[in-house]
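Below is data19.csv, which holds CSV, C-alpha atoms.
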```csv
chain,number,residue,atom,x,y,z
A,7,MET,CA,44.7,128.4,-13.8
A,8,SER,CA,42.7,130.8,-11.8
A,9,GLN,CA,44.8,133.0,-9.6
A,10,ASP,CA,42.7,131.8,-6.6
A,11,GLU,CA,44.2,128.4,-6.9
A,12,LEU,CA,47.6,127.5,-5.7
A,13,HIS,CA,50.0,125.1,-7.3
A,14,ILE,CA,53.2,123.9,-5.7
A,15,ASP,CA,56.0,122.4,-7.7
A,16,LEU,CA,58.7,120.7,-5.7
A,17,LYS,CA,62.2,119.9,-7.0
A,18,THR,CA,65.1,118.5,-5.1
A,19,GLU,CA,68.8,118.9,-5.7
A,20,ASP,CA,72.0,118.0,-4.0
A,21,GLY,CA,70.9,114.5,-3.1
A,22,GLY,CA,67.7,115.8,-1.5
A,23,GLU,CA,69.4,118.4,0.7
A,24,LEU,CA,68.1,121.3,-1.3
A,25,LEU,CA,64.3,121.6,-1.8
A,26,ILE,CA,63.0,124.1,-4.3
A,27,PHE,CA,59.3,125.0,-4.0
A,28,LYS,CA,57.8,127.0,-6.9
A,29,LEU,CA,54.5,128.5,-6.0
A,30,ARG,CA,51.9,129.7,-8.5
A,31,GLY,CA,48.5,131.3,-7.9
A,32,SER,CA,47.4,132.9,-4.6
A,33,LEU,CA,48.9,132.3,-1.2
A,34,ASP,CA,46.2,133.5,1.2
A,35,LEU,CA,43.9,132.5,4.0
A,36,ALA,CA,42.4,129.7,1.9
A,37,THR,CA,45.7,128.2,0.6
A,38,SER,CA,48.3,129.0,3.3
A,39,PRO,CA,47.5,125.7,5.4
A,40,THR,CA,48.5,123.7,2.3
A,41,VAL,CA,51.8,125.6,1.9
A,42,ARG,CA,52.5,125.5,5.6
A,43,ALA,CA,52.1,121.7,5.6
A,44,ALA,CA,54.3,121.3,2.5
A,45,LEU,CA,57.0,123.4,3.9
A,46,MET,CA,56.8,121.8,7.3
A,47,GLU,CA,57.2,118.4,5.7
A,48,GLY,CA,60.3,119.7,4.0
A,49,THR,CA,61.8,120.8,7.3
A,50,GLU,CA,60.9,117.8,9.3
A,51,LYS,CA,63.6,115.6,7.7
A,52,GLY,CA,66.4,117.3,9.6
A,53,LYS,CA,68.9,119.8,8.1
A,54,ARG,CA,67.5,121.0,4.7
A,55,ASP,CA,68.0,124.0,2.6
A,56,LEU,CA,64.7,125.4,1.4
A,57,VAL,CA,64.3,127.8,-1.6
A,58,VAL,CA,60.8,129.2,-2.2
A,59,ASP,CA,60.3,130.7,-5.6
A,60,LEU,CA,57.5,133.4,-5.5
A,61,THR,CA,58.1,134.8,-8.9
A,62,GLN,CA,55.0,133.2,-10.3
A,63,LEU,CA,52.8,134.0,-7.3
A,64,GLU,CA,49.9,136.3,-8.0
A,65,PHE,CA,48.9,137.2,-4.5
A,66,LEU,CA,50.5,136.9,-1.0
A,67,ASP,CA,48.8,138.1,2.2
A,68,SER,CA,49.7,138.1,5.9
A,69,THR,CA,48.6,134.4,6.5
A,70,GLY,CA,50.9,133.4,3.6
A,71,LEU,CA,53.7,135.4,5.1
A,72,GLY,CA,53.0,133.5,8.4
A,73,ALA,CA,53.5,130.2,6.6
A,74,LEU,CA,56.8,131.4,5.2
A,75,ILE,CA,57.9,132.8,8.6
A,76,GLY,CA,57.1,129.4,10.3
A,77,ALA,CA,59.1,127.5,7.7
A,78,HIS,CA,62.0,129.9,8.0
A,79,ARG,CA,62.1,129.3,11.7
A,80,ARG,CA,61.9,125.6,11.5
A,81,ALA,CA,64.5,125.3,8.7
A,82,THR,CA,67.0,127.4,10.7
A,83,GLU,CA,66.3,125.6,14.0
A,84,HIS,CA,67.4,122.4,12.2
A,85,GLY,CA,70.6,124.1,10.9
A,86,GLY,CA,69.3,124.5,7.4
A,87,THR,CA,68.7,127.7,5.4
A,88,PHE,CA,65.6,129.4,4.0
A,89,ARG,CA,65.7,131.5,0.9
A,90,LEU,CA,63.1,133.3,-1.2
A,91,ILE,CA,63.1,134.3,-4.9
A,92,VAL,CA,60.9,137.3,-5.7
A,93,SER,CA,60.5,139.7,-8.7
A,94,ASP,CA,60.1,143.4,-8.2
A,95,GLY,CA,56.5,144.3,-7.5
A,96,PRO,CA,53.8,143.8,-4.9
A,97,ILE,CA,55.5,140.9,-3.1
A,98,ALA,CA,58.9,142.6,-2.9
A,99,ARG,CA,57.0,145.7,-1.6
A,100,LEU,CA,55.2,143.5,1.0
A,101,LEU,CA,58.5,142.1,2.3
A,102,ASN,CA,59.9,145.7,2.6
A,103,ILE,CA,56.8,147.1,4.4
A,104,THR,CA,56.9,144.2,7.0
A,105,GLY,CA,60.7,144.3,7.5
A,106,LEU,CA,60.8,140.7,6.5
A,107,ILE,CA,63.3,141.4,3.7
A,108,ARG,CA,65.8,141.8,6.6
A,109,VAL,CA,64.8,138.4,8.1
A,110,PHE,CA,64.6,136.3,4.9
A,111,ALA,CA,67.5,135.9,2.5
A,112,VAL,CA,65.8,137.2,-0.7
A,113,TYR,CA,67.1,137.0,-4.3
A,114,HIS,CA,65.9,137.8,-7.8
A,115,THR,CA,66.9,134.5,-9.4
A,116,LEU,CA,67.3,130.8,-8.5
A,117,ASP,CA,70.9,131.0,-9.6
A,118,ASP,CA,71.6,133.8,-7.2
A,119,ALA,CA,69.8,131.9,-4.4
A,120,ARG,CA,71.9,128.8,-5.1
A,121,LYS,CA,75.1,130.8,-5.0
A,122,ASN,CA,74.0,133.0,-2.1
A,123,GLN,CA,74.9,136.1,-4.2
A,124,SER,CA,73.2,139.4,-4.9
A,125,ARG,CA,70.9,139.2,-1.9
A,126,LEU,CA,68.3,142.0,-2.1
A,127,PRO,CA,68.7,144.8,0.3
A,128,ALA,CA,65.8,146.6,2.1
A,129,SER,CA,64.6,149.4,-0.1
A,130,ILE,CA,62.5,151.3,2.4
B,29,MET,CA,29.7,162.4,-9.2
B,30,SER,CA,30.3,159.1,-7.5
B,31,THR,CA,30.2,155.4,-8.4
B,32,SER,CA,29.6,152.5,-6.1
B,33,TYR,CA,29.7,148.7,-5.7
B,34,ARG,CA,27.8,146.6,-3.2
B,35,ALA,CA,27.7,142.9,-2.6
B,36,ALA,CA,27.0,140.4,0.1
B,37,PHE,CA,28.6,137.0,0.6
B,38,THR,CA,28.4,134.0,2.8
B,39,SER,CA,31.4,133.4,5.1
B,40,ASP,CA,33.8,131.3,3.0
B,41,PHE,CA,37.4,131.8,2.2
B,42,ARG,CA,36.6,131.4,-1.5
B,43,ASN,CA,34.1,134.2,-1.3
B,44,ALA,CA,36.8,136.3,0.4
B,45,SER,CA,38.9,135.8,-2.7
B,46,LEU,CA,36.0,136.6,-5.0
B,47,ALA,CA,35.3,139.8,-3.0
B,48,ARG,CA,39.0,140.8,-3.1
B,49,LYS,CA,39.0,140.5,-6.9
B,50,SER,CA,35.8,142.5,-7.2
B,51,ILE,CA,37.2,145.3,-5.1
B,52,ALA,CA,40.5,145.3,-7.1
B,53,SER,CA,38.5,145.5,-10.3
B,54,PHE,CA,36.4,148.4,-9.0
B,55,ALA,CA,39.6,150.2,-8.0
B,56,SER,CA,41.1,149.6,-11.4
B,57,VAL,CA,37.9,151.0,-13.1
B,58,CYS,CA,38.2,154.0,-10.9
B,59,GLY,CA,41.6,154.8,-12.4
B,60,PHE,CA,44.0,153.7,-9.7
B,61,THR,CA,47.4,152.5,-11.0
B,62,GLU,CA,48.4,148.9,-11.1
B,63,SER,CA,50.6,149.4,-8.1
B,64,GLU,CA,47.8,151.2,-6.2
B,65,VAL,CA,45.4,148.4,-7.1
B,66,ALA,CA,47.9,145.9,-5.7
B,67,ASP,CA,47.9,147.8,-2.4
B,68,ILE,CA,44.1,148.1,-2.3
B,69,ARG,CA,43.7,144.4,-3.1
B,70,LEU,CA,46.1,143.3,-0.3
B,71,ALA,CA,44.5,145.7,2.3
B,72,ALA,CA,41.0,144.5,1.3
B,73,GLY,CA,42.2,140.9,1.4
B,74,GLU,CA,43.3,141.3,5.0
B,75,ALA,CA,40.0,142.9,6.0
B,76,LEU,CA,38.0,140.2,4.2
B,77,GLY,CA,40.0,137.5,5.8
B,78,ASN,CA,39.3,138.9,9.2
B,79,ALA,CA,35.6,139.3,8.3
B,80,VAL,CA,35.4,135.6,7.3
B,81,GLU,CA,37.3,134.4,10.3
B,82,HIS,CA,35.2,136.4,12.8
B,83,GLY,CA,31.9,136.0,10.9
B,84,ARG,CA,32.1,132.2,10.7
B,85,SER,CA,31.4,131.9,14.4
B,86,ALA,CA,28.1,133.7,14.2
B,87,ARG,CA,24.8,131.9,13.7
B,88,SER,CA,24.0,133.8,10.5
B,89,SER,CA,27.4,134.0,9.0
B,90,GLY,CA,28.2,136.4,6.1
B,91,PHE,CA,29.9,139.6,5.2
B,92,SER,CA,29.1,142.5,3.0
B,93,VAL,CA,31.2,144.9,0.9
B,94,ARG,CA,30.4,148.4,-0.1
B,95,CYS,CA,32.8,150.5,-2.2
B,96,THR,CA,32.3,154.1,-3.1
B,97,PHE,CA,34.4,156.3,-5.3
B,98,ALA,CA,33.9,160.1,-5.0
B,99,ASP,CA,36.1,163.1,-5.1
B,100,ASP,CA,39.1,161.0,-6.1
B,101,GLU,CA,38.8,158.9,-2.9
B,102,LEU,CA,37.9,155.2,-2.7
B,103,ILE,CA,36.1,154.2,0.5
B,104,ILE,CA,35.8,150.4,1.2
B,105,GLU,CA,33.5,149.2,4.0
B,106,ILE,CA,33.4,145.6,5.0
B,107,ARG,CA,30.9,144.4,7.5
B,108,ASP,CA,30.6,141.0,9.1
B,109,ASN,CA,28.0,139.3,11.3
B,110,GLY,CA,30.4,138.2,13.9
B,111,HIS,CA,30.6,139.1,17.6
B,112,GLY,CA,33.4,141.7,16.9
B,113,PHE,CA,36.9,142.0,18.3
B,114,SER,CA,39.2,144.6,19.8
B,115,ALA,CA,41.2,145.9,16.9
B,116,ILE,CA,44.5,147.3,17.9
B,117,LEU,CA,45.1,150.2,15.5
B,118,SER,CA,48.8,150.6,16.1
B,119,ASP,CA,51.2,151.9,13.4
B,120,ALA,CA,54.0,149.9,14.9
B,121,ALA,CA,55.1,146.9,13.0
B,122,PRO,CA,54.8,143.6,14.8
B,123,PRO,CA,58.2,142.1,15.7
B,124,PRO,CA,59.8,140.5,12.6
B,125,GLY,CA,59.3,136.8,12.7
B,126,ARG,CA,55.9,136.8,14.4
B,127,GLU,CA,53.6,134.6,12.4
B,128,ARG,CA,50.3,136.4,13.2
B,129,GLY,CA,49.2,140.0,13.7
B,130,LEU,CA,50.4,141.5,10.5
B,131,GLY,CA,47.0,142.1,8.9
B,132,ILE,CA,45.9,145.3,10.5
B,133,PHE,CA,49.4,146.7,10.4
B,134,LEU,CA,49.4,146.1,6.6
B,135,MET,CA,46.0,147.6,6.1
B,136,ARG,CA,47.2,150.8,7.9
B,137,GLN,CA,50.4,150.9,5.9
B,138,LEU,CA,48.6,150.5,2.5
B,139,MET,CA,45.6,152.7,3.0
B,140,ASP,CA,45.3,156.4,3.9
B,141,GLN,CA,42.8,155.7,6.7
B,142,VAL,CA,41.5,152.6,8.5
B,143,THR,CA,38.8,152.7,11.2
B,144,TYR,CA,36.8,150.1,13.0
B,145,ALA,CA,33.3,150.6,14.3
B,146,HIS,CA,30.5,148.5,15.8
B,147,ASN,CA,32.8,146.5,18.0
B,148,GLY,CA,35.1,145.6,15.1
B,149,THR,CA,32.4,144.2,12.9
B,150,LEU,CA,32.7,147.1,10.4
B,151,VAL,CA,36.0,148.2,8.9
B,152,ARG,CA,36.2,151.3,6.8
B,153,MET,CA,39.3,152.0,4.7
B,154,ALA,CA,40.0,155.0,2.5
B,155,ARG,CA,42.6,155.6,-0.3
B,156,LYS,CA,43.0,158.8,-2.3
B,157,ARG,CA,43.8,158.5,-6.0
B,158,HIS,CA,46.7,160.9,-6.7
B,159,VAL,CA,47.0,163.0,-9.7
B,160,GLU,CA,50.3,161.3,-10.6
B,161,ALA,CA,48.3,158.1,-11.0
B,162,LEU,CA,46.1,159.7,-13.7
B,163,GLU,CA,49.2,161.1,-15.4
B,164,GLN,CA,50.8,157.6,-15.5
B,165,ARG,CA,47.8,156.1,-17.1
B,166,ALA,CA,47.5,158.8,-19.7
```

Here is the file; what I need is its structure written in the form of structure tokens.
Amino acid sequence: MSQDELHIDLKTEDGGELLIFKLRGSLDLATSPTVRAALMEGTEKGKRDLVVDLTQLEFLDSTGLGALIGAHRRATEHGGTFRLIVSDGPIARLLNITGLIRVFAVYHTLDDARKNQSRLPASI
Amino acid sequence: MSTSYRAAFTSDFRNASLARKSIASFASVCGFTESEVADIRLAAGEALGNAVEHGRSARSSGFSVRCTFADDELIIEIRDNGHGFSAILSDAAPPPGRERGLGIFLMRQLMDQVTYAHNGTLVRMARKRHVEALEQRA
């Protein structure tokens, strides 16, 4: 798969209450409308807990961040939660630079995100 | 001694991705570390996204890229055919949670210098390659 493409794998758990989106490829100006729409659909069904796994994402820019910010807002407005999984590297650095690591609940692993444990602190 | 790269593209988001990858490859060839290349790729991606968005409204839509590496400094110039815009070059971060307006802030955080000219249709970004980068690669 070219890193310019974006693949979204969606898995549901807890009887459909927990939605886990795994993104692969590039989340940028070209692909963020697709992700925005997918995440919005997930939050439109009422209270849902969303986990977005970015560990396989090659590239994330400000428009991709905008899609995540919008989904976070809608999920919390409906009483749900919004969590991110990231590896160390450029995406974690981006969340730190923008201060969004203090806004999003960010974890290293899906297991930590499920259990709400070992949330990553801001590092800068 | 300097090395350079030039290319021109039609205004299309896919071409912005292509240009972003070309600039990252150029930075890598110039000896920047993987982490520095990631910064440069993101900053360039933000500028290219703006160039495509602004350039698409013009009759003759397109954008061009010029990269020059000399004296351990990478200069990236991206020019579009749009009508320009008023770039707000503030170092202040947008309020957390705002969905738009992060692009120029990120460019300024990731590069040593970012300037706009010609009514916002030309952005020039500079990033110095540090000696530690060369030592890490050795």

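Note that the spacing between CA of Gln141 in chain B and CA of Ile106 in chain B amounts to 13.9 Å.
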
Compute the distance from (62.1, 141.2, 2.9) to each atom, counting all atoms listed in the file, keep the residues with any atom at most 12 Å away, and return them as a ChimeraX atom specification; use the coordinates of the file.
-> /A:71,74-75,89-94,96-114,125-130 /B:124-125

Give one line per residue of range 21-65 of chain A that approaches range 65-74 of chain B to at most 10 Å, naming the two atoms of the closest pair and their distance in Å to one decimal, counting all atoms listed in the file; sort by chain then ascending residue number and deliver it as a tab-separated table.
```
residue	atom	partner	partner_atom	distance
A:Asp34	CA	B:Gly73	CA	8.4
A:Leu35	CA	B:Glu74	CA	8.9
A:Phe65	CA	B:Leu70	CA	7.9
```

Counting all atoms listed in the file, a student should be able to say which residues of chain A come within 6 Å of chain B; what is the right answer, written as a short mmCIF file (atom, residue, chain, number, x, y, z; two decimals) with C-alpha atoms, keeping the file's coordinate frame?
```cif
data_model
loop_
_atom_site.label_atom_id
_atom_site.label_comp_id
_atom_site.auth_asym_id
_atom_site.auth_seq_id
_atom_site.Cartn_x
_atom_site.Cartn_y
_atom_site.Cartn_z
CA ALA A 36 42.40 129.70 1.90
CA SER A 68 49.70 138.10 5.90
CA GLY A 72 53.00 133.50 8.40
CA ILE A 75 57.90 132.80 8.60
#
```

Which of these, B:Ala36, B:Ala98, B:Ala55, B:Ala75, has the shortest distance to Thr143 in chain B once you count all atoms listed in the file?
-> B:Ala75

Extract, using all atoms listed in the file, all DNA, RNA and protein residues at most 8 Å from Leu16 in chain A, discarding same-chain residues fewer than 4 positions from it, and format them as a PDB file with C-alpha atoms, in the coordinates of the input.
```
ATOM      1  CA  LEU A  25      64.300 121.600  -1.800  1.00  0.00           C
ATOM      2  CA  ILE A  26      63.000 124.100  -4.300  1.00  0.00           C
ATOM      3  CA  PHE A  27      59.300 125.000  -4.000  1.00  0.00           C
ATOM      4  CA  LYS A  28      57.800 127.000  -6.900  1.00  0.00           C
TER       5      LYS A  28
END
```

Neighbour list for Leu102 in chain B as a list in words, cut-off 8 Å, all atoms listed in the file, skip fewer than 6 positions in-chain = Ala55, Cys95, Thr96, Ala154, Arg155, Lys156 and Arg157 of chain B

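For the pair CA of Glu11 in chain A and CA of His78 in chain A, the interatomic distance is 23.3 Å.
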
All residues 9 Å or closer to Gly85 in chain A, only C-alpha atoms, same chain fewer than 6 positions away omitted, as an MDAnalysis selection string = chainID A and resid 52:55

If you measure from CA of Ser30 in chain B to CA of Phe97 in chain B, what distance in Å do you get, rounded to one decimal?
->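 These two atoms are separated by 5.4 Å.
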
Point (46.4, 132.9, -6.5) neighbourhood (10 Å, only C-alpha atoms) written as a ChimeraX atom specification | /A:7-13,29-34,36-37,62-66 /B:45

Would you kindly return, as a list in words, each protein, DNA or RNA residue with an atom no farther than 10 Å from any atom of Gly90 in chain B, considering all atoms listed in the file and excluding same-chain residues fewer than 6 positions away?
->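 Selected residues are Ala36, Phe37, Thr38, Ser39, Asp40, Asn43, Ala79, Val80, His82, Gly83, Arg84, Arg107, Asp108, Asn109 and Gly110 of chain B.
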